[in-house]
file coords-v4.csv (CSV, C-alpha atoms)
chain,number,residue,atom,x,y,z
F,15,MET,CA,-9.2,10.4,26.3
F,16,GLU,CA,-7.0,13.4,27.2
F,17,THR,CA,-8.8,16.4,28.7
F,18,MET,CA,-8.6,19.7,26.9
F,19,THR,CA,-7.5,22.9,28.7
F,20,ALA,CA,-9.0,25.2,26.0
F,21,SER,CA,-12.3,24.5,24.3
F,22,ARG,CA,-12.4,27.2,21.6
F,23,LEU,CA,-11.7,25.7,18.2
F,24,ALA,CA,-8.5,26.7,16.4
F,25,SER,CA,-10.6,27.3,13.3
F,26,GLU,CA,-12.4,30.0,15.3
F,27,GLY,CA,-9.3,31.6,16.6
F,28,GLY,CA,-8.5,29.3,19.6
F,29,SER,CA,-5.1,27.7,20.3
F,30,PRO,CA,-4.5,24.4,18.4
F,31,ALA,CA,-4.5,21.3,20.5
F,32,VAL,CA,-1.4,19.9,18.8
F,33,THR,CA,1.7,22.0,19.7
F,34,LEU,CA,4.5,19.4,19.3
F,35,PRO,CA,6.2,19.1,15.9
F,36,ALA,CA,5.1,16.1,13.8
F,37,PRO,CA,7.6,13.3,13.4
F,38,GLY,CA,9.8,13.6,10.3
F,39,TRP,CA,10.0,11.1,7.5
F,40,PRO,CA,12.0,9.4,6.2
F,41,VAL,CA,14.1,8.4,9.2
F,42,VAL,CA,17.8,8.7,8.4
F,43,GLU,CA,20.8,7.6,10.5
F,44,GLU,CA,24.5,8.2,10.0
F,45,SER,CA,25.0,4.6,9.2
F,46,ASP,CA,22.7,5.0,6.1
F,47,ALA,CA,24.9,7.8,4.8
F,48,ALA,CA,28.0,5.9,5.5
F,49,LEU,CA,26.8,2.8,3.6
F,50,VAL,CA,25.7,4.9,0.6
F,51,ALA,CA,29.1,6.6,0.6
F,52,GLU,CA,30.8,3.2,0.7
F,53,VAL,CA,28.7,2.1,-2.3
F,54,VAL,CA,29.6,5.3,-4.2
F,55,ARG,CA,33.3,4.8,-3.6
F,56,SER,CA,33.2,1.1,-4.6
F,57,GLY,CA,32.2,2.0,-8.2
F,58,VAL,CA,29.7,-0.9,-8.2
F,59,TRP,CA,26.4,1.0,-8.6
F,60,SER,CA,24.1,-1.4,-10.4
F,61,TRP,CA,23.7,-4.8,-12.2
F,62,VAL,CA,22.9,-7.0,-9.2
F,63,GLY,CA,25.7,-5.8,-6.9
F,64,PRO,CA,26.5,-7.1,-3.4
F,65,ARG,CA,24.2,-4.7,-1.6
F,66,GLU,CA,21.2,-5.6,-3.8
F,67,ARG,CA,21.9,-9.3,-3.2
F,68,GLU,CA,22.2,-8.8,0.5
F,69,PHE,CA,18.9,-6.8,0.7
F,70,CYS,CA,17.0,-9.3,-1.5
F,71,GLN,CA,18.0,-12.2,0.7
F,72,ALA,CA,17.2,-10.3,3.9
F,73,TYR,CA,13.8,-9.2,2.6
F,74,ALA,CA,12.9,-12.7,1.4
F,75,ASP,CA,13.7,-14.0,4.9
F,76,PHE,CA,11.7,-11.1,6.4
F,77,ILE,CA,8.6,-11.7,4.3
F,78,GLY,CA,8.9,-15.5,4.4
F,79,THR,CA,9.4,-16.3,0.7
F,80,ARG,CA,12.0,-18.3,-1.2
F,81,PHE,CA,12.9,-15.4,-3.6
F,82,CYS,CA,13.0,-11.6,-3.7
F,83,LEU,CA,13.9,-9.3,-6.6
F,84,GLY,CA,14.7,-5.6,-6.5
F,85,LEU,CA,13.1,-3.5,-9.2
F,86,ALA,CA,12.9,0.2,-10.2
F,87,ASN,CA,9.5,1.0,-8.6
F,88,GLY,CA,6.2,-0.4,-7.4
F,89,THR,CA,4.5,-0.1,-10.8
F,90,VAL,CA,6.9,-2.3,-12.8
F,91,THR,CA,6.9,-4.8,-10.0
F,92,LEU,CA,3.1,-5.3,-10.6
F,93,GLN,CA,3.6,-5.5,-14.4
F,94,CYS,CA,6.4,-8.1,-14.2
F,95,ALA,CA,4.6,-10.1,-11.5
F,96,LEU,CA,1.4,-10.2,-13.6
F,97,GLN,CA,3.3,-11.3,-16.7
F,98,ALA,CA,5.3,-13.9,-14.8
F,99,VAL,CA,2.1,-15.6,-13.5
F,100,GLY,CA,0.7,-15.8,-17.0
F,101,VAL,CA,-1.3,-12.7,-17.8
F,102,VAL,CA,-1.3,-11.9,-21.5
F,103,PRO,CA,-3.0,-9.2,-23.6
F,104,GLY,CA,-6.8,-9.7,-23.6
F,105,ASP,CA,-6.9,-11.3,-20.2
F,106,GLU,CA,-8.9,-9.7,-17.4
F,107,VAL,CA,-7.4,-8.7,-14.1
F,108,ILE,CA,-9.6,-7.8,-11.2
F,109,VAL,CA,-8.5,-4.7,-9.2
F,110,PRO,CA,-10.2,-3.0,-6.3
F,111,ALA,CA,-11.7,0.4,-7.3
F,112,LEU,CA,-10.1,2.1,-4.4
F,113,THR,CA,-6.3,2.0,-4.7
F,114,TRP,CA,-3.5,4.0,-6.2
F,115,VAL,CA,-3.9,4.4,-9.9
F,116,ALA,CA,-0.7,2.4,-10.7
F,117,THR,CA,-2.4,-0.8,-9.5
F,118,ALA,CA,-4.7,-0.7,-12.5
F,119,GLN,CA,-2.3,1.0,-14.8
F,120,ALA,CA,0.2,-1.9,-14.4
F,121,ALA,CA,-2.3,-4.3,-15.8
F,122,MET,CA,-3.5,-2.0,-18.5
F,123,ASP,CA,0.0,-1.3,-19.7
F,124,ILE,CA,0.7,-5.0,-20.3
F,125,GLY,CA,-2.4,-5.4,-22.5
F,126,ALA,CA,-4.8,-6.8,-19.8
F,127,ASN,CA,-8.3,-5.4,-19.3
F,128,VAL,CA,-9.1,-4.3,-15.8
F,129,VAL,CA,-12.3,-5.2,-14.1
F,130,PHE,CA,-12.9,-3.0,-11.0
F,131,ALA,CA,-14.5,-4.6,-7.9
F,132,ASP,CA,-15.9,-2.9,-4.9
F,133,VAL,CA,-14.2,-2.6,-1.5
F,134,ASP,CA,-15.3,-3.4,2.1
F,135,PRO,CA,-16.9,-0.2,3.4
F,136,VAL,CA,-14.9,-0.2,6.6
F,137,THR,CA,-11.5,-1.8,5.9
F,138,LEU,CA,-11.4,-0.3,2.3
F,139,ALA,CA,-9.8,-3.6,1.1
F,140,LEU,CA,-11.1,-5.7,-1.8
F,141,ASP,CA,-14.5,-7.1,-1.0
F,142,PRO,CA,-14.4,-10.9,-1.5
F,143,ALA,CA,-18.0,-11.1,-2.7
F,144,SER,CA,-17.5,-8.4,-5.2
F,145,PHE,CA,-14.3,-10.1,-6.4
F,146,ALA,CA,-16.2,-13.4,-6.8
F,147,ALA,CA,-19.0,-11.7,-8.8
F,148,ALA,CA,-16.5,-10.1,-11.1
F,149,ILE,CA,-14.9,-13.3,-12.3
F,150,THR,CA,-15.5,-14.3,-16.0
F,151,PRO,CA,-14.0,-16.9,-18.2
F,152,ARG,CA,-11.4,-14.3,-19.2
F,153,THR,CA,-10.2,-13.6,-15.6
F,154,ARG,CA,-6.6,-14.5,-15.2
F,155,ALA,CA,-5.5,-12.7,-12.1
F,156,VAL,CA,-6.7,-10.6,-9.1
F,157,ILE,CA,-4.7,-8.0,-7.3
F,158,PRO,CA,-5.8,-7.8,-3.6
F,159,VAL,CA,-4.5,-4.5,-2.3
F,160,HIS,CA,-3.6,-4.3,1.4
F,161,LEU,CA,-4.6,-0.7,1.6
F,162,TYR,CA,-3.7,1.9,4.2
F,163,GLY,CA,-4.0,0.1,7.6
F,164,CYS,CA,-6.0,-3.0,6.8
F,165,MET,CA,-5.3,-6.3,5.1
F,166,CYS,CA,-7.6,-8.0,2.7
F,167,ASP,CA,-9.5,-11.2,3.8
F,168,MET,CA,-6.9,-13.5,2.3
F,169,ASP,CA,-8.7,-16.7,3.3
F,170,ALA,CA,-11.8,-15.8,1.3
F,171,ILE,CA,-9.8,-14.3,-1.7
F,172,LEU,CA,-7.4,-17.3,-1.9
F,173,ALA,CA,-10.3,-19.8,-1.7
F,174,THR,CA,-12.2,-18.1,-4.5
F,175,ALA,CA,-9.1,-17.7,-6.7
F,176,ARG,CA,-8.0,-21.3,-6.3
F,177,GLN,CA,-11.6,-22.5,-7.1
F,178,HIS,CA,-11.6,-20.5,-10.4
F,179,GLY,CA,-7.9,-20.9,-11.4
F,180,VAL,CA,-7.2,-17.2,-10.9
F,181,LYS,CA,-3.7,-16.1,-10.0
F,182,VAL,CA,-3.1,-13.9,-7.0
F,183,VAL,CA,-0.6,-11.0,-7.1
F,184,GLU,CA,-0.7,-9.2,-3.8
F,185,ASP,CA,-0.2,-5.4,-3.8
F,186,VAL,CA,1.7,-4.8,-0.6
F,187,ALA,CA,2.9,-1.3,-1.3
F,188,HIS,CA,1.3,-0.1,1.9
F,189,GLN,CA,2.1,-2.8,4.4
F,190,HIS,CA,5.7,-4.1,4.5
F,191,GLY,CA,5.6,-6.5,7.4
F,192,SER,CA,1.9,-7.2,7.9
F,193,ARG,CA,1.2,-10.9,8.7
F,194,TRP,CA,-1.9,-12.9,8.1
F,195,ARG,CA,-2.1,-16.0,10.5
F,196,GLY,CA,1.7,-15.5,10.9
F,197,LYS,CA,2.5,-15.4,7.2
F,198,GLY,CA,3.9,-12.3,5.6
F,199,ALA,CA,1.8,-10.2,3.3
F,200,GLY,CA,3.5,-10.9,-0.1
F,201,SER,CA,3.9,-14.6,0.7
F,202,LEU,CA,0.3,-15.6,0.6
F,203,GLY,CA,-0.5,-15.4,-3.2
F,204,ASP,CA,1.5,-16.3,-6.3
F,205,ALA,CA,3.6,-13.2,-6.0
F,206,GLY,CA,3.9,-10.1,-3.8
F,207,SER,CA,4.6,-6.5,-5.1
F,208,PHE,CA,6.2,-3.9,-2.9
F,209,SER,CA,6.9,-0.2,-3.4
F,210,PHE,CA,9.8,1.7,-1.8
F,211,GLN,CA,8.7,5.2,-2.8
F,212,GLN,CA,9.5,7.9,-0.3
F,213,SER,CA,6.2,7.9,1.7
F,214,LYS,CA,6.3,4.1,2.2
F,215,VAL,CA,7.3,2.6,5.6
F,216,LEU,CA,10.4,1.0,3.9
F,217,THR,CA,11.9,3.5,1.5
F,218,SER,CA,14.8,4.2,-0.8
F,219,GLY,CA,13.1,7.3,-2.4
F,220,GLU,CA,12.0,5.1,-5.3
F,221,GLY,CA,12.3,1.4,-5.9
F,222,GLY,CA,10.3,-1.8,-5.5
F,223,ALA,CA,10.5,-5.6,-5.0
F,224,VAL,CA,8.7,-8.8,-5.9
F,225,THR,CA,8.5,-11.8,-3.6
F,226,CYS,CA,7.6,-15.3,-4.7
F,227,ASP,CA,8.4,-19.0,-4.2
F,228,ASP,CA,8.1,-20.4,-7.8
F,229,PRO,CA,11.6,-20.5,-9.5
F,230,GLU,CA,10.0,-20.0,-12.9
F,231,VAL,CA,8.1,-17.0,-11.8
F,232,TYR,CA,11.3,-15.7,-10.4
F,233,ARG,CA,13.3,-16.4,-13.5
F,234,THR,CA,10.7,-14.6,-15.7
F,235,ILE,CA,10.6,-11.5,-13.5
F,236,PHE,CA,14.4,-11.4,-13.4
F,237,ALA,CA,14.7,-11.5,-17.2
F,238,LEU,CA,12.0,-8.8,-17.5
F,239,LYS,CA,13.8,-6.4,-15.2
F,240,GLN,CA,17.4,-7.4,-16.2
F,241,VAL,CA,17.3,-6.7,-19.9
F,242,GLY,CA,16.7,-10.4,-20.7
F,243,TRP,CA,19.3,-11.9,-18.4
F,244,THR,CA,18.3,-14.4,-15.8
F,245,PRO,CA,20.0,-16.8,-13.3
F,246,GLU,CA,20.8,-20.2,-14.9
F,247,ASN,CA,19.6,-22.1,-11.8
F,248,PRO,CA,17.9,-20.1,-9.0
F,249,ALA,CA,17.8,-23.2,-6.8
F,250,VAL,CA,21.6,-23.1,-6.7
F,251,ASP,CA,22.3,-19.4,-6.9
F,252,ALA,CA,19.4,-16.9,-7.1
F,253,PHE,CA,21.7,-14.3,-8.7
F,254,GLY,CA,23.9,-16.1,-11.1
F,255,PRO,CA,25.6,-17.1,-13.2
F,256,LEU,CA,23.4,-15.1,-15.6
F,257,VAL,CA,22.3,-16.5,-18.9
F,258,LYS,CA,20.2,-15.1,-21.8
F,259,GLY,CA,16.6,-15.9,-20.7
F,260,ASN,CA,14.9,-15.8,-24.1
F,261,LYS,CA,12.4,-13.3,-22.8
F,262,TYR,CA,11.4,-9.8,-24.0
F,263,GLY,CA,13.4,-8.0,-21.3
F,264,HIS,CA,13.4,-4.4,-20.0
F,265,ASN,CA,15.6,-2.3,-17.8
F,266,TYR,CA,13.8,-2.1,-14.4
F,267,ARG,CA,16.9,-2.5,-12.2
F,268,LEU,CA,17.4,-1.3,-8.6
F,269,THR,CA,20.6,0.5,-7.9
F,270,GLU,CA,23.2,-0.3,-5.2
F,271,MET,CA,22.6,3.1,-3.5
F,272,GLN,CA,18.9,2.2,-3.2
F,273,ALA,CA,19.7,-1.2,-1.8
F,274,ALA,CA,22.0,0.4,0.8
F,275,LEU,CA,19.2,2.6,2.0
F,276,LEU,CA,16.8,-0.3,2.2
F,277,LEU,CA,19.2,-2.3,4.3
F,278,GLY,CA,19.2,0.4,6.9
F,279,GLY,CA,15.5,0.9,6.8
F,280,LEU,CA,14.8,-2.9,7.1
F,281,LYS,CA,16.8,-3.0,10.3
F,282,ARG,CA,14.5,-0.3,11.8
F,283,LEU,CA,11.3,-1.6,10.4
F,284,PRO,CA,10.2,-4.1,13.1
F,285,GLU,CA,10.6,-1.6,15.9
F,286,GLN,CA,8.8,1.1,13.9
F,287,THR,CA,6.0,-1.3,13.1
F,288,ALA,CA,5.6,-2.2,16.7
F,289,ARG,CA,5.4,1.5,17.7
F,290,ARG,CA,2.8,2.2,14.9
F,291,GLU,CA,0.8,-0.8,16.1
F,292,ALA,CA,0.8,0.4,19.7
F,293,ASN,CA,-0.2,3.9,18.9
F,294,ALA,CA,-2.9,2.7,16.5
F,295,GLN,CA,-4.4,0.6,19.3
F,296,ARG,CA,-4.2,3.5,21.7
F,297,ILE,CA,-6.1,5.7,19.3
F,298,ALA,CA,-8.7,3.0,18.6
F,299,ALA,CA,-9.3,2.4,22.3
F,300,ALA,CA,-9.6,6.1,23.1
F,301,LEU,CA,-12.1,6.8,20.3
F,302,ARG,CA,-14.2,3.7,21.3
F,303,GLU,CA,-14.3,4.9,24.9
F,304,VAL,CA,-15.8,8.3,24.1
F,305,GLY,CA,-18.1,7.1,21.3
F,306,SER,CA,-16.5,9.5,18.8
F,307,PRO,CA,-18.1,9.7,15.3
F,308,LEU,CA,-14.6,8.9,14.1
F,309,GLN,CA,-13.5,5.3,14.7
F,310,VAL,CA,-10.5,3.2,13.8
F,311,ALA,CA,-11.4,0.3,11.5
F,312,PRO,CA,-11.6,-2.9,13.5
F,313,ARG,CA,-8.6,-5.2,13.2
F,314,ASP,CA,-9.3,-8.7,11.8
F,315,PRO,CA,-8.1,-11.2,14.5
F,316,ARG,CA,-6.4,-13.3,11.7
F,317,ILE,CA,-3.9,-10.4,11.3
F,318,THR,CA,-1.1,-11.2,13.6
F,319,THR,CA,1.0,-8.2,12.7
F,320,GLN,CA,-0.4,-5.0,11.2
F,321,ALA,CA,1.8,-2.6,9.3
F,322,TYR,CA,0.5,0.9,8.4
F,323,TYR,CA,1.0,3.1,5.4
F,324,ALA,CA,-1.8,5.0,7.1
F,325,LEU,CA,-4.3,4.4,9.9
F,326,THR,CA,-7.8,3.6,8.4
F,327,LEU,CA,-10.7,5.2,10.2
F,328,THR,CA,-14.5,5.5,9.5
F,329,TYR,CA,-16.4,8.7,10.0
F,330,ASP,CA,-20.2,8.7,10.8
F,331,PRO,CA,-21.6,11.9,9.3
F,332,ALA,CA,-25.1,11.2,10.7
F,333,LYS,CA,-23.8,10.9,14.2
F,334,ALA,CA,-21.6,14.0,14.0
F,335,GLY,CA,-24.2,16.1,12.2
F,336,VAL,CA,-21.6,17.7,9.9
F,337,PRO,CA,-20.1,16.6,6.6
F,338,ARG,CA,-16.7,14.9,6.7
F,339,ALA,CA,-15.0,17.8,5.0
F,340,LYS,CA,-16.0,20.3,7.7
F,341,TYR,CA,-15.0,17.9,10.5
F,342,LEU,CA,-11.6,17.2,8.9
F,343,ALA,CA,-11.0,20.9,8.4
F,344,ALA,CA,-11.5,21.5,12.1
F,345,LEU,CA,-9.1,18.7,12.9
F,346,VAL,CA,-6.4,20.0,10.6
F,347,ALA,CA,-6.7,23.5,12.2
F,348,GLU,CA,-6.0,21.8,15.5
F,349,GLY,CA,-2.8,20.3,14.1
F,350,CYS,CA,-4.3,16.8,13.6
F,351,ALA,CA,-3.6,16.0,9.9
F,352,MET,CA,-6.4,13.6,9.1
F,353,GLY,CA,-7.2,13.3,5.5
F,354,GLY,CA,-9.3,11.4,3.0
F,355,THR,CA,-8.5,8.6,0.5
F,356,TYR,CA,-7.5,8.1,-3.1
F,357,GLU,CA,-10.3,8.7,-5.6
F,358,PRO,CA,-11.9,5.8,-7.4
F,359,VAL,CA,-9.4,4.7,-10.0
F,360,TYR,CA,-12.1,4.6,-12.7
F,361,ARG,CA,-12.6,8.4,-12.4
F,362,SER,CA,-9.3,9.7,-11.2
F,363,PRO,CA,-7.9,12.7,-13.1
F,364,LEU,CA,-4.5,11.2,-12.5
F,365,LEU,CA,-5.4,8.5,-14.9
F,366,ASN,CA,-7.3,9.9,-17.9
F,367,LEU,CA,-8.4,6.6,-19.5
F,368,ALA,CA,-9.9,8.4,-22.5
F,369,ASP,CA,-6.7,10.3,-23.4
F,370,ALA,CA,-4.6,9.4,-26.5
F,371,THR,CA,-1.7,8.5,-24.2
F,372,SER,CA,-3.8,5.8,-22.6
F,373,PRO,CA,-3.9,2.3,-24.1
F,374,LEU,CA,-7.7,2.0,-23.8
F,375,PRO,CA,-8.9,4.2,-26.7
F,376,PHE,CA,-7.2,1.7,-29.0
F,377,ARG,CA,-9.0,-1.4,-27.6
F,378,GLN,CA,-12.4,-2.8,-28.4
F,379,ASN,CA,-15.0,-4.4,-26.1
F,380,LEU,CA,-13.8,-3.3,-22.7
F,381,PRO,CA,-15.4,-5.3,-19.9
F,382,GLN,CA,-16.7,-2.2,-18.1
F,383,ASP,CA,-17.7,1.3,-19.0
F,384,TYR,CA,-15.4,3.2,-16.7
F,385,ALA,CA,-17.0,6.6,-17.5
F,386,THR,CA,-20.4,5.5,-16.0
F,387,LEU,CA,-19.1,2.9,-13.5
F,388,ARG,CA,-20.1,3.6,-9.9
F,389,LEU,CA,-19.4,1.1,-7.1
F,390,PRO,CA,-21.4,2.0,-4.0
F,391,ASN,CA,-19.0,1.2,-1.1
F,392,THR,CA,-16.1,2.9,-2.9
F,393,GLU,CA,-18.1,6.0,-3.7
F,394,ARG,CA,-19.4,6.4,-0.2
F,395,ALA,CA,-16.0,5.8,1.4
F,396,VAL,CA,-14.4,8.3,-0.9
F,397,THR,CA,-17.0,11.1,-0.5
F,398,GLU,CA,-18.4,10.6,3.0
F,399,THR,CA,-16.9,8.1,5.5
F,400,ALA,CA,-13.3,7.1,5.0
F,401,VAL,CA,-10.5,8.9,6.9
F,402,THR,CA,-6.8,8.3,7.0
F,403,LEU,CA,-3.8,9.3,9.2
F,404,SER,CA,-0.4,9.0,7.6
F,405,GLN,CA,2.0,6.4,9.0
F,406,LYS,CA,4.6,9.0,10.1
F,407,TYR,CA,2.2,10.4,12.8
F,408,LEU,CA,2.0,6.9,14.3
F,409,LEU,CA,5.7,7.1,15.1
F,410,GLY,CA,5.0,10.1,17.4
F,411,SER,CA,5.8,10.1,21.1
F,412,ASP,CA,3.2,9.3,23.8
F,413,GLU,CA,2.8,13.0,24.4
F,414,TYR,CA,2.3,13.8,20.7
F,415,VAL,CA,-0.3,11.0,20.2
F,416,GLY,CA,-2.0,12.4,23.4
F,417,GLN,CA,-2.3,15.8,21.7
F,418,LEU,CA,-3.8,14.1,18.5
F,419,LEU,CA,-6.4,12.5,20.7
F,420,ALA,CA,-7.0,15.8,22.5
F,421,ALA,CA,-7.6,17.5,19.1
F,422,ILE,CA,-10.2,14.9,18.2
F,423,ARG,CA,-11.9,15.3,21.6
F,424,LYS,CA,-11.9,19.1,21.2
F,425,VAL,CA,-13.6,18.9,17.8
F,426,ASP,CA,-16.1,16.3,19.1
F,427,ASP,CA,-17.0,18.6,22.0
F,428,ASN,CA,-17.7,21.4,19.6
F,429,LEU,CA,-19.8,19.6,17.1
F,430,GLY,CA,-22.7,21.9,17.9
F,431,ARG,CA,-20.7,24.9,16.8
F,432,LEU,CA,-19.6,23.1,13.6
F,433,GLN,CA,-23.3,22.3,12.9
F,434,ALA,CA,-24.2,25.9,13.3

call {"tool": "encode", "arguments": {"input": "coords-v4.csv", "output": "structure tokens"}}
result
Amino acid sequence: METMTASRLASEGGSPAVTLPAPGWPVVEESDAALVAEVVRSGVWSWVGPREREFCQAYADFIGTRFCLGLANGTVTLQCALQAVGVVPGDEVIVPALTWVATAQAAMDIGANVVFADVDPVTLALDPASFAAAITPRTRAVIPVHLYGCMCDMDAILATARQHGVKVVEDVAHQHGSRWRGKGAGSLGDAGSFSFQQSKVLTSGEGGAVTCDDPEVYRTIFALKQVGWTPENPAVDAFGPLVKGNKYGHNYRLTEMQAALLLGGLKRLPEQTARREANAQRIAAALREVGSPLQVAPRDPRITTQAYYALTLTYDPAKAGVPRAKYLAALVAEGCAMGGTYEPVYRSPLLNLADATSPLPFRQNLPQDYATLRLPNTERAVTETAVTLSQKYLLGSDEYVGQLLAAIRKVDDNLGRLQA
């Protein structure tokens, strides 16, 4: 790991280890602005225009599915996917307790009851054993969330789901381009849900997509997002002619301007993914070499490409001798912007499940008491051990990543002062 030239911690008045500016996000090129301007001048701004069709076909090819649909955001993608695979009010949907609140909210908003399962303590992905233990006769679907910088164990999850007749809707909001045994995340289950919100590695500010192979799942999602209209025969033309689908449709459409931005981002994504992978491996190797209390989560060998919304790391407070919060504060002072995780969904103040605006107070016999629920791996990860580094920092130059590593080494070398 890089050698420090100054050992005094920045939090104590020393010079920070990181002096280079952080990479910016999102990445924008002149070609993006030109294509958006072309769309604006065309007057075709919505209703499954040519840019949306072009992106959906390109993204389906990229993920490795037969179909892709563009939608308004990554919450309604989950709602529509769940409904399309057969989830109805009263069904149970199993969701990892550590995820963005919208993963659970999507199921709750369509009348399903959410059963939270625990996560793996290192990868923070859905724990297959906890998933299996949560299955009941009312379980209709599971949402494995490929969280931060690790994929779920899809072999184990798919085997359990198939055994029990449970549908699998992958939440791939964090990992556009990850591959499990060579197959794209979002192509492994019955449907894949993606978000294109601004912090995501493929972004149009807002927006989302669903990928799938089943024509009937596709037709249902299309009708749900396109105010009831759906392609007459997707096997012939995935986008038309449109007919009335006899569904209870909504307006969850993607715009042509968003599709234009996504086309530009998709062209850059493979190169960006490769750079993030290389920098993640460099950081992992350096932290292993010096035995830092901060370690990158080991990569499952079945993952053939790993995309990153964030790098997933594990902190050992016993080895460091200081709580995670104090360690991270020292890193941030050095210019190394490590952070924590989401809160457990079942107690997040972003999702007040007891409020009158929530659907839950008007339901009876919920499968779990969210107010008292505590899942041990989730709780410890959130409060003590889990650390993340946002994807944009993994796009940094070799020199910038070297400074991040120097910051970690500097804090590690001064653990005695932090303990004092």

call {"tool": "closest_atom_pairs", "arguments": {"input": "coords-v4.csv", "of": "range 170-264 of chain F", "to": "range 120-135 of chain F", "cutoff": "12 Å", "atoms": "only C-alpha atoms", "output": "JSON lines"}}
result
{"residue": "F:Val183", "atom": "CA", "partner": "F:Ala121", "partner_atom": "CA", "distance": 11.1}
{"residue": "F:Asp185", "atom": "CA", "partner": "F:Ala120", "partner_atom": "CA", "distance": 11.2}
{"residue": "F:Ser207", "atom": "CA", "partner": "F:Ala120", "partner_atom": "CA", "distance": 11.3}

call {"tool": "residues_around", "arguments": {"input": "coords-v4.csv", "residues": "range 362-370 of chain F", "least_positions_apart": "4", "cutoff": "10 Å", "atoms": "all atoms listed in the file", "output": "PyMOL selection string"}}
result
chain F and resi 114-116+118-119+122+356-358+374-376+384-385

call {"tool": "closest_residue", "arguments": {"input": "coords-v4.csv", "among": "F:Glu66, F:Ala173, F:Leu112, F:Thr318", "to": "Pro142 in chain F", "atoms": "only C-alpha atoms"}}
result
F:Ala173

call {"tool": "closest_residue", "arguments": {"input": "coords-v4.csv", "among": "F:Glu270, F:Leu96, F:Tyr329, F:Ile77", "to": "Leu202 in chain F", "atoms": "all atoms listed in the file"}}
result
F:Ile77

call {"tool": "closest_atom_pairs", "arguments": {"input": "coords-v4.csv", "of": "range 230-296 of chain F", "to": "range 53-62 of chain F", "cutoff": "7 Å", "atoms": "only C-alpha atoms", "output": "Markdown table"}}
result
| residue | atom | partner | partner_atom | distance |
| --- | --- | --- | --- | --- |
| F:Leu268 | CA | F:Ser60 | CA | 6.9 |
| F:Thr269 | CA | F:Ser60 | CA | 4.7 |
| F:Glu270 | CA | F:Trp59 | CA | 4.8 |
| F:Met271 | CA | F:Val53 | CA | 6.3 |

call {"tool": "closest_residue", "arguments": {"input": "coords-v4.csv", "among": "F:Ala146, F:Leu408, F:Asn293, F:Ala155", "to": "Ala170 in chain F", "atoms": "all atoms listed in the file"}}
result
F:Ala146

call {"tool": "residues_around", "arguments": {"input": "coords-v4.csv", "residues": "Arg154 in chain F", "least_positions_apart": "6", "cutoff": "6 Å", "atoms": "only C-alpha atoms", "output": "ChimeraX atom specification"}}
result
/F:105-107,180

call {"tool": "write_last_selection", "arguments": {"input": "coords-v4.csv", "atoms": "C-alpha atoms", "output": "compact mmCIF listing (two decimals), in the coordinates of the input"}}
result
# COMPACT_ATOMS: atom_id res chain seq x y z
CA ASP F 105 -6.90 -11.30 -20.20
CA GLU F 106 -8.90 -9.70 -17.40
CA VAL F 107 -7.40 -8.70 -14.10
CA VAL F 180 -7.20 -17.20 -10.90

call {"tool": "atom_distance", "arguments": {"input": "coords-v4.csv", "atom1": "CA of Ser29 in chain F", "atom2": "CA of Gln295 in chain F"}}
result
27.1 Å

call {"tool": "closest_residue", "arguments": {"input": "coords-v4.csv", "among": "F:Pro110, F:Gly354, F:Gly278, F:Gly349", "to": "Ser218 in chain F", "atoms": "all atoms listed in the file"}}
result
F:Gly278

call {"tool": "closest_residue", "arguments": {"input": "coords-v4.csv", "among": "F:Thr217, F:Thr326, F:Ser25, F:Thr319", "to": "Arg289 in chain F", "atoms": "all atoms listed in the file"}}
result
F:Thr319

call {"tool": "decode", "arguments": {"input": "coords-v4.csv", "residues": "range 176-184 of chain F", "atoms": "N, CA and C atoms", "output": "CSV table (one decimal), in the first residue's frame"}}
result
chain,number,residue,atom,x,y,z
F,176,ARG,N,-37.6,-22.3,-7.1
F,176,ARG,CA,-38.3,-23.3,-8.0
F,176,ARG,C,-38.9,-24.4,-7.2
F,177,GLN,N,-38.2,-24.8,-6.1
F,177,GLN,CA,-38.7,-25.9,-5.3
F,177,GLN,C,-40.1,-25.6,-4.7
F,178,HIS,N,-40.3,-24.3,-4.3
F,178,HIS,CA,-41.5,-23.9,-3.7
F,178,HIS,C,-42.5,-23.1,-4.6
F,179,GLY,N,-42.2,-23.0,-5.8
F,179,GLY,CA,-43.1,-22.3,-6.8
F,179,GLY,C,-43.1,-20.8,-6.5
F,180,VAL,N,-42.0,-20.3,-6.1
F,180,VAL,CA,-41.9,-18.8,-5.8
F,180,VAL,C,-41.3,-18.1,-7.0
F,181,LYS,N,-41.9,-17.0,-7.4
F,181,LYS,CA,-41.4,-16.2,-8.5
F,181,LYS,C,-40.2,-15.4,-8.0
F,182,VAL,N,-39.3,-15.1,-8.9
F,182,VAL,CA,-38.1,-14.4,-8.6
F,182,VAL,C,-38.0,-13.1,-9.4
F,183,VAL,N,-38.1,-12.0,-8.7
F,183,VAL,CA,-38.0,-10.7,-9.4
F,183,VAL,C,-36.7,-10.0,-8.9
F,184,GLU,N,-35.6,-10.0,-9.7
F,184,GLU,CA,-34.4,-9.4,-9.3
F,184,GLU,C,-34.4,-7.9,-9.2
